[in-house]
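Visitor: This is the content of my_file-v4.cif (mmCIF, C-alpha atoms):
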data_model
#
loop_
_atom_site.label_atom_id
_atom_site.label_comp_id
_atom_site.auth_asym_id
_atom_site.auth_seq_id
_atom_site.Cartn_x
_atom_site.Cartn_y
_atom_site.Cartn_z
CA MET A 30 166.51 -24.45 -67.53
CA GLU A 31 164.20 -21.58 -68.46
CA LYS A 32 167.10 -19.11 -68.48
CA LEU A 33 169.21 -21.51 -70.56
CA THR A 34 166.37 -21.91 -73.06
CA GLU A 35 166.14 -18.14 -73.40
CA LYS A 36 169.86 -17.95 -74.15
CA ILE A 37 169.56 -20.69 -76.76
CA THR A 38 166.62 -18.90 -78.40
CA VAL A 39 168.52 -15.60 -78.57
CA ASN A 40 171.57 -17.37 -79.97
CA GLU A 41 169.54 -19.13 -82.65
CA ILE A 42 168.14 -15.76 -83.71
CA ASN A 43 171.59 -14.20 -84.09
CA ALA A 44 173.69 -17.18 -85.24
CA PRO A 45 173.21 -16.72 -89.03
CA ALA A 46 175.05 -13.39 -88.83
CA GLU A 47 178.30 -15.38 -88.87
CA PHE A 48 177.68 -16.71 -92.39
CA SER A 49 175.09 -14.34 -93.92
CA GLU A 50 174.56 -10.69 -94.64
CA PHE A 51 171.70 -9.14 -92.70
CA GLN A 52 169.54 -6.09 -92.33
CA LYS A 53 167.71 -5.22 -89.13
CA ARG A 54 164.10 -4.08 -89.13
CA SER A 55 161.86 -2.80 -86.34
CA TRP A 56 160.16 -6.22 -86.33
CA GLY A 57 163.20 -8.47 -86.69
CA ILE A 58 166.08 -9.40 -89.01
CA LEU A 59 166.47 -10.19 -92.73
CA TYR A 60 169.27 -12.68 -93.45
CA PHE A 61 170.41 -13.16 -97.04
CA ASP A 62 173.23 -14.56 -99.14
CA LYS A 63 172.76 -14.36 -102.90
CA GLU A 64 175.89 -16.48 -103.39
CA ASN A 65 174.31 -19.33 -101.43
CA PRO A 66 170.61 -19.23 -102.40
CA LEU A 67 169.88 -22.89 -101.58
CA ASN A 68 170.82 -22.58 -97.93
CA PHE A 69 167.66 -21.78 -95.97
CA GLY A 70 169.72 -20.89 -92.90
CA SER A 71 171.38 -18.08 -94.85
CA ASN A 72 168.18 -16.77 -96.43
CA HIS A 73 165.27 -16.12 -94.11
CA ALA A 74 163.64 -13.42 -92.05
CA ILE A 75 163.16 -13.73 -88.31
CA VAL A 76 160.20 -11.99 -86.70
CA THR A 77 161.03 -11.10 -83.10
CA ASP A 78 158.36 -8.46 -82.45
CA ARG A 79 155.16 -10.34 -81.63
CA SER A 80 153.14 -7.10 -81.75
CA ALA A 81 154.14 -6.26 -85.33
CA ASP A 82 151.49 -6.34 -88.07
CA LEU A 83 152.35 -9.77 -89.48
CA PHE A 84 150.52 -9.19 -92.77
CA LEU A 85 152.60 -6.07 -93.47
CA VAL A 86 155.77 -7.87 -92.37
CA ALA A 87 155.02 -10.76 -94.72
CA GLY A 88 154.59 -8.33 -97.60
CA GLU A 89 157.88 -6.64 -96.81
CA VAL A 90 159.65 -10.00 -96.57
CA LYS A 91 158.18 -11.15 -99.87
CA ASP A 92 159.27 -8.00 -101.71
CA PHE A 93 162.76 -8.07 -100.20
CA TYR A 94 163.64 -11.65 -101.12
CA LEU A 95 161.95 -11.69 -104.51
CA SER A 96 163.91 -8.57 -105.46
CA LYS A 97 167.08 -10.58 -104.81
CA GLY A 98 165.86 -13.69 -106.63
CA LEU A 99 165.50 -15.62 -103.37
CA LEU A 100 162.62 -17.65 -101.98
CA PRO A 101 160.87 -15.68 -99.19
CA ARG A 102 160.96 -17.49 -95.85
CA ILE A 103 159.97 -16.33 -92.38
CA GLU A 104 161.11 -17.96 -89.16
CA PHE A 105 159.86 -17.33 -85.66
CA PRO A 106 162.02 -17.69 -82.55
CA LEU A 107 161.84 -21.09 -80.86
CA CYS A 108 158.50 -21.17 -79.07
CA ASP A 109 155.81 -23.45 -77.66
CA ARG A 110 153.29 -22.58 -80.36
CA LEU A 111 152.32 -20.02 -82.98
CA GLU A 112 148.86 -18.60 -82.42
CA GLN A 113 146.08 -19.57 -84.82
CA ASN A 114 145.41 -15.97 -85.86
CA ARG A 115 149.06 -15.57 -86.87
CA LEU A 116 148.92 -18.80 -88.86
CA GLU A 117 145.84 -17.54 -90.67
CA THR A 118 147.52 -14.19 -91.37
CA LEU A 119 150.50 -15.94 -92.94
CA LYS A 120 148.20 -18.04 -95.11
CA LYS A 121 146.34 -14.92 -96.21
CA ALA A 122 149.70 -13.38 -97.19
CA GLY A 123 150.45 -16.40 -99.40
CA PHE A 124 152.72 -18.37 -97.07
CA SER A 125 152.47 -21.98 -95.96
CA VAL A 126 153.79 -22.95 -92.54
CA GLU A 127 156.16 -25.78 -91.70
CA ILE A 128 156.58 -26.94 -88.11
CA LYS A 129 159.73 -28.58 -86.81
CA ASP A 130 158.56 -30.12 -83.53
CA ASN A 131 161.08 -32.93 -83.05
CA LEU A 132 164.07 -30.88 -81.97
CA ILE A 133 166.32 -32.46 -79.36
CA CYS A 134 168.46 -30.09 -77.29
CA MET A 135 171.64 -31.33 -75.64
CA VAL A 136 173.95 -29.31 -73.40
CA LYS A 137 177.53 -30.09 -72.47
CA THR A 138 177.57 -31.05 -68.80
CA SER A 139 180.66 -33.23 -68.37
CA PRO A 140 184.20 -33.58 -69.78
CA SER A 141 184.71 -35.01 -73.25
CA LYS A 142 186.37 -38.35 -73.73
CA ASP A 143 189.70 -38.27 -75.53
CA LEU A 144 189.08 -40.60 -78.46
CA CYS A 145 191.70 -39.25 -80.85
CA GLN A 146 194.14 -41.81 -82.22
CA LYS A 147 196.52 -42.10 -85.15
CA PRO A 148 196.45 -42.30 -88.15
CA LEU A 149 193.42 -40.05 -87.65
CA ILE A 150 194.49 -36.43 -87.27
CA ILE A 151 191.98 -33.89 -85.97
CA SER A 152 192.73 -30.21 -86.11
CA GLU A 153 191.16 -26.77 -86.13
CA GLU A 154 191.38 -25.28 -89.62
CA THR A 155 190.88 -21.80 -90.97
CA ASP A 156 190.46 -22.56 -94.66
CA PHE A 157 187.83 -24.67 -96.33
CA ASP A 158 189.23 -27.65 -98.23
CA LYS A 159 187.29 -28.36 -101.42
CA GLY A 160 188.27 -32.00 -101.10
CA LEU A 161 185.79 -32.28 -98.24
CA VAL A 162 182.92 -31.87 -100.68
CA GLY A 163 183.37 -35.40 -101.98
CA THR A 164 183.91 -37.03 -98.59
CA ALA A 165 182.28 -35.51 -95.53
CA ILE A 166 179.90 -33.27 -97.45
CA ASN A 167 177.46 -35.10 -99.69
CA GLY A 168 173.85 -36.21 -99.85
CA GLY A 169 172.69 -32.82 -101.13
CA TYR A 170 174.66 -30.80 -98.60
CA GLU A 171 177.34 -30.13 -101.21
CA ASN A 172 174.96 -27.72 -102.93
CA PHE A 173 174.98 -25.19 -100.12
CA LEU A 174 177.02 -26.18 -97.04
CA PRO A 175 180.45 -25.32 -98.49
CA GLY A 176 179.33 -21.69 -98.69
CA VAL A 177 178.51 -21.71 -94.97
CA LEU A 178 181.67 -23.54 -93.92
CA LYS A 179 183.95 -21.23 -95.88
CA LYS A 180 182.68 -18.29 -93.85
CA LEU A 181 182.66 -20.09 -90.50
CA ALA A 182 186.22 -21.34 -91.03
CA ARG A 183 187.39 -17.73 -91.31
CA SER A 184 185.15 -16.25 -88.64
CA GLU A 185 186.63 -14.91 -85.42
CA ASN A 186 183.60 -16.29 -83.56
CA ALA A 187 183.66 -19.84 -84.91
CA ASN A 188 185.92 -22.88 -84.88
CA PHE A 189 186.07 -25.33 -87.78
CA TYR A 190 187.35 -28.84 -87.01
CA VAL A 191 188.30 -31.52 -89.53
CA SER A 192 189.31 -35.16 -89.06
CA ARG A 193 191.70 -36.47 -91.67
CA LEU A 194 192.65 -40.05 -92.39
CA PHE A 195 195.95 -40.24 -94.26
CA GLY A 196 195.40 -36.61 -95.26
CA ASP A 197 191.85 -36.97 -96.57
CA GLY A 198 189.00 -35.25 -94.75
CA VAL A 199 186.50 -37.78 -93.38
CA SER A 200 184.55 -35.86 -90.74
CA LEU A 201 183.98 -32.30 -89.61
CA CYS A 202 182.06 -30.04 -87.25
CA THR A 203 181.88 -26.40 -86.23
CA ILE A 204 181.43 -24.52 -82.98
CA GLU A 205 179.83 -21.09 -83.26
CA ARG A 206 180.41 -18.84 -80.26
CA GLY A 207 177.63 -16.47 -79.20
CA LYS A 208 177.72 -13.76 -76.56
CA GLU A 209 176.39 -15.92 -73.72
CA ILE A 210 176.22 -19.43 -75.18
CA SER A 211 177.79 -21.38 -78.04
CA ARG A 212 176.50 -24.12 -80.32
CA LEU A 213 177.98 -27.21 -81.92
CA SER A 214 176.77 -27.57 -85.50
CA ASN A 215 177.45 -28.95 -88.99
CA VAL A 216 178.44 -32.40 -87.73
CA LEU A 217 179.11 -34.44 -90.87
CA THR A 218 180.94 -37.66 -91.69
CA GLY A 219 181.76 -39.01 -95.13
CA GLU A 220 179.44 -41.67 -96.47
CA GLY A 221 182.05 -44.42 -96.37
CA PHE A 222 183.14 -43.60 -92.82
CA ARG A 223 179.88 -43.45 -90.91
CA SER A 224 179.21 -45.69 -87.89
CA THR A 225 182.94 -46.17 -87.49
CA GLY A 226 183.59 -43.65 -84.71
CA PHE A 227 185.08 -40.85 -86.81
CA GLY A 228 182.19 -38.50 -86.07
CA SER A 229 182.47 -39.18 -82.33
CA LYS A 230 186.19 -38.49 -82.35
CA THR A 231 185.73 -35.22 -84.20
CA VAL A 232 182.98 -33.96 -81.88
CA CYS A 233 184.87 -35.04 -78.76
CA PHE A 234 188.00 -33.24 -79.91
CA ALA A 235 186.07 -30.06 -80.71
CA ALA A 236 184.20 -30.12 -77.39
CA LEU A 237 187.44 -30.79 -75.49
CA LYS A 238 189.15 -27.81 -77.11
CA TYR A 239 186.14 -25.65 -76.37
CA GLU A 240 186.04 -26.48 -72.67
CA GLU A 241 189.79 -25.79 -72.44
CA ASN A 242 189.41 -22.28 -73.83
CA PHE A 243 185.88 -21.02 -73.16
CA GLU A 244 183.49 -20.87 -70.21
CA ASN A 245 180.09 -20.22 -71.81
CA PRO A 246 177.70 -23.19 -72.03
CA LEU A 247 177.84 -25.29 -75.21
CA TYR A 248 174.68 -26.78 -76.73
CA LEU A 249 173.43 -28.45 -79.88
CA LEU A 250 170.10 -29.06 -81.57
CA THR A 251 169.44 -32.26 -83.49
CA GLU A 252 166.48 -34.04 -85.03
CA ASN A 253 168.19 -37.43 -84.97
CA PRO A 254 167.54 -39.44 -81.76
CA LEU A 255 170.22 -41.96 -82.75
CA ALA A 256 172.87 -39.25 -82.67
CA GLN A 257 172.50 -38.79 -78.92
CA ARG A 258 174.99 -41.56 -78.18
CA LEU A 259 177.64 -39.77 -80.23
CA TYR A 260 177.10 -36.53 -78.35
CA ARG A 261 177.09 -38.18 -74.93
CA LEU A 262 180.67 -39.29 -75.58
CA ALA A 263 181.51 -35.62 -75.92
CA GLY A 264 179.89 -34.81 -72.58
CA PHE A 265 176.45 -33.67 -73.77
CA GLU A 266 173.19 -34.60 -72.05
CA ARG A 267 169.66 -34.19 -73.32
CA THR A 268 167.64 -31.43 -71.67
CA ASP A 269 163.92 -30.97 -71.09
CA PHE A 270 163.26 -29.00 -74.27
CA SER A 271 159.86 -28.65 -75.90
CA LYS A 272 160.33 -25.67 -78.19
CA LYS A 273 159.23 -25.79 -81.83
CA LEU A 274 160.49 -23.95 -84.89
CA TYR A 275 157.86 -22.45 -87.18
CA THR A 276 158.88 -21.52 -90.73
CA ALA A 277 156.62 -19.82 -93.26
CA VAL A 278 157.49 -20.26 -96.94
CA LEU A 279 155.93 -18.34 -99.81
CA GLU A 280 153.79 -20.70 -101.85
CA GLU A 281 154.88 -20.84 -105.44
CA LYS A 282 152.05 -20.30 -107.89
CA GLU A 283 151.68 -22.85 -110.69
#
Could you render the structure as structure tokens?

Guide:
Amino acid sequence: MEKLTEKITVNEINAPAEFSEFQKRSWGILYFDKENPLNFGSNHAIVTDRSADLFLVAGEVKDFYLSKGLLPRIEFPLCDRLEQNRLETLKKAGFSVEIKDNLICMVKTSPSKDLCQKPLIISEETDFDKGLVGTAINGGYENFLPGVLKKLARSENANFYVSRLFGDGVSLCTIERGKEISRLSNVLTGEGFRSTGFGSKTVCFAALKYEENFENPLYLLTENPLAQRLYRLAGFERTDFSKKLYTAVLEEKE
């Protein structure tokens, strides 16, 4: 499990490169997308060098993002904890820290169930359909997720799956392929179609196609305990995962 966790951590560090521009630094990576400023996943720095002077890094991050009209954010690779002295350094640099400590990691360990049935049609697509904004993508996601999905749909290292009912998109998901491990992400179902099995069918179809064509492990991260049942149908099982995600955000002055 330790080796698998390391692969997941490395993949999470590099995954945004599929839908963001980036610049590498001696201490980590700067991800940015001025066309999609509201998506935090597209606009953040990742500090990978634990020996770097964090105060200087924070200053560099602040200058970089503010020069592009973006909110400065710093993420740290999935870890057990962020040391108190580093937290204090970030605060001194004007950043507040958010901790995401309820992440659930699930890994595909068994075959997916074939749940596809007509009139539902599930397919891999290579172009983003704007009609999905009003169905599967809503609840605030419509402000930034289309920008991510457009790039993933056209990426050579990602697969974009859409379920359509009588031609209308009702559910979607993506699989992003890394060098040693891949992740299932962006699982969304339209507001009027939730709790009806459409999400399960879409995920199962995507996972089935993945296992038919690729050998690397497939994982997902979720904060929703209720979603585990959906993913189990696709052959995923929860793993012993205790990593946290620390994000530092520049405090806006009043």

Visitor: Would you list the residues near (151.9, -22.1, -99.8) (no more than 8 Å away, in the coordinates of the file, using all atoms listed in the file) as a PyMOL selection string?

Guide: chain A and resi 120+123-126+278-281

Visitor: Apply the PyMOL selection byres ((chain A and resi 136) around 8) to the file shown and report the selected residues as a PyMOL selection string.

Guide: chain A and resi 134-135+137-138+246-249+265-268

Visitor: Assuming the chain letters and numbering stay as they are in my file, what does the PyMOL selection byres ((chain A and resi 53) around 12) actually select? List them as a list in words.

Guide: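 On the file shown, the PyMOL selection byres ((chain A and resi 53) around 12) covers Ile42, Asn43, Ala46, Glu50, Phe51, Gln52, Arg54, Ser55, Trp56, Gly57, Ile58, Leu59, Tyr60, Phe61, Ala74, Ile75, Val76, Thr77, Asp78 and Val90 of chain A.
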
Visitor: Any chance you could export the current selection's C-alpha atoms as an mmCIF file, in the frame of the given file?

Guide:
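Below is the file that was written, out38.cif:
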data_model
loop_
_atom_site.group_PDB
_atom_site.id
_atom_site.type_symbol
_atom_site.label_atom_id
_atom_site.label_comp_id
_atom_site.auth_asym_id
_atom_site.auth_seq_id
_atom_site.Cartn_x
_atom_site.Cartn_y
_atom_site.Cartn_z
ATOM 1 C CA ILE A 42 168.140 -15.760 -83.710
ATOM 2 C CA ASN A 43 171.590 -14.200 -84.090
ATOM 3 C CA ALA A 46 175.050 -13.390 -88.830
ATOM 4 C CA GLU A 50 174.560 -10.690 -94.640
ATOM 5 C CA PHE A 51 171.700 -9.140 -92.700
ATOM 6 C CA GLN A 52 169.540 -6.090 -92.330
ATOM 7 C CA ARG A 54 164.100 -4.080 -89.130
ATOM 8 C CA SER A 55 161.860 -2.800 -86.340
ATOM 9 C CA TRP A 56 160.160 -6.220 -86.330
ATOM 10 C CA GLY A 57 163.200 -8.470 -86.690
ATOM 11 C CA ILE A 58 166.080 -9.400 -89.010
ATOM 12 C CA LEU A 59 166.470 -10.190 -92.730
ATOM 13 C CA TYR A 60 169.270 -12.680 -93.450
ATOM 14 C CA PHE A 61 170.410 -13.160 -97.040
ATOM 15 C CA ALA A 74 163.640 -13.420 -92.050
ATOM 16 C CA ILE A 75 163.160 -13.730 -88.310
ATOM 17 C CA VAL A 76 160.200 -11.990 -86.700
ATOM 18 C CA THR A 77 161.030 -11.100 -83.100
ATOM 19 C CA ASP A 78 158.360 -8.460 -82.450
ATOM 20 C CA VAL A 90 159.650 -10.000 -96.570
#

Visitor: Using the chain letters and numbers from the file, which residues does the PyMOL selection byres ((chain A and resi 95) around 12) grab, as a list of chain:residue names?

Guide: A:Phe61, A:Lys63, A:Pro66, A:Asn72, A:His73, A:Gly88, A:Glu89, A:Val90, A:Lys91, A:Asp92, A:Phe93, A:Tyr94, A:Ser96, A:Lys97, A:Gly98, A:Leu99, A:Leu100, A:Pro101, A:Arg102, A:Leu279, A:Glu281

Visitor: Counting all atoms listed in the file, which residue out of A:Asp269, A:Glu31, A:Glu205, A:Glu41 sits closest to Tyr239 of chain A?

Guide: A:Glu205

Visitor: With distances taken over all atoms listed in the file, which residue among A:Asp62, A:Asp156, A:Glu127, A:Glu241 lies nearest Val191 of chain A?

Guide: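 Under the stated criterion, the closest residue is A:Asp156.
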
Visitor: Smallest atom-to-atom distance to Leu255 of chain A: which of A:Lys273, A:Lys142, A:Asn215, A:Ile133, using all atoms listed in the file?

Guide: A:Ile133

Visitor: Go through A:Glu252, A:Phe173, A:Ser152, A:Gly221 one by one, measure the shortest atom-to-atom distance of each to Thr203 of chain A using only C-alpha atoms, and give the residue with the smallest value.

Guide: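 Of all the options, A:Ser152 lies closest to Thr203 of chain A.
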
Visitor: Go through A:Ser214, A:Ser49, A:Thr231, A:Thr118 and flag the residue nearest Ala87 of chain A, using all atoms listed in the file for the distances.

Guide: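 Closest to Ala87 of chain A of all the choices is A:Thr118.
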
Visitor: Which residue, A:Tyr190, A:Phe48, A:Asn40, A:Leu237, has the smallest gap to Thr218 of chain A when you use only C-alpha atoms?

Guide: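 Counting only C-alpha atoms, the residue closest to Thr218 of chain A is A:Tyr190.
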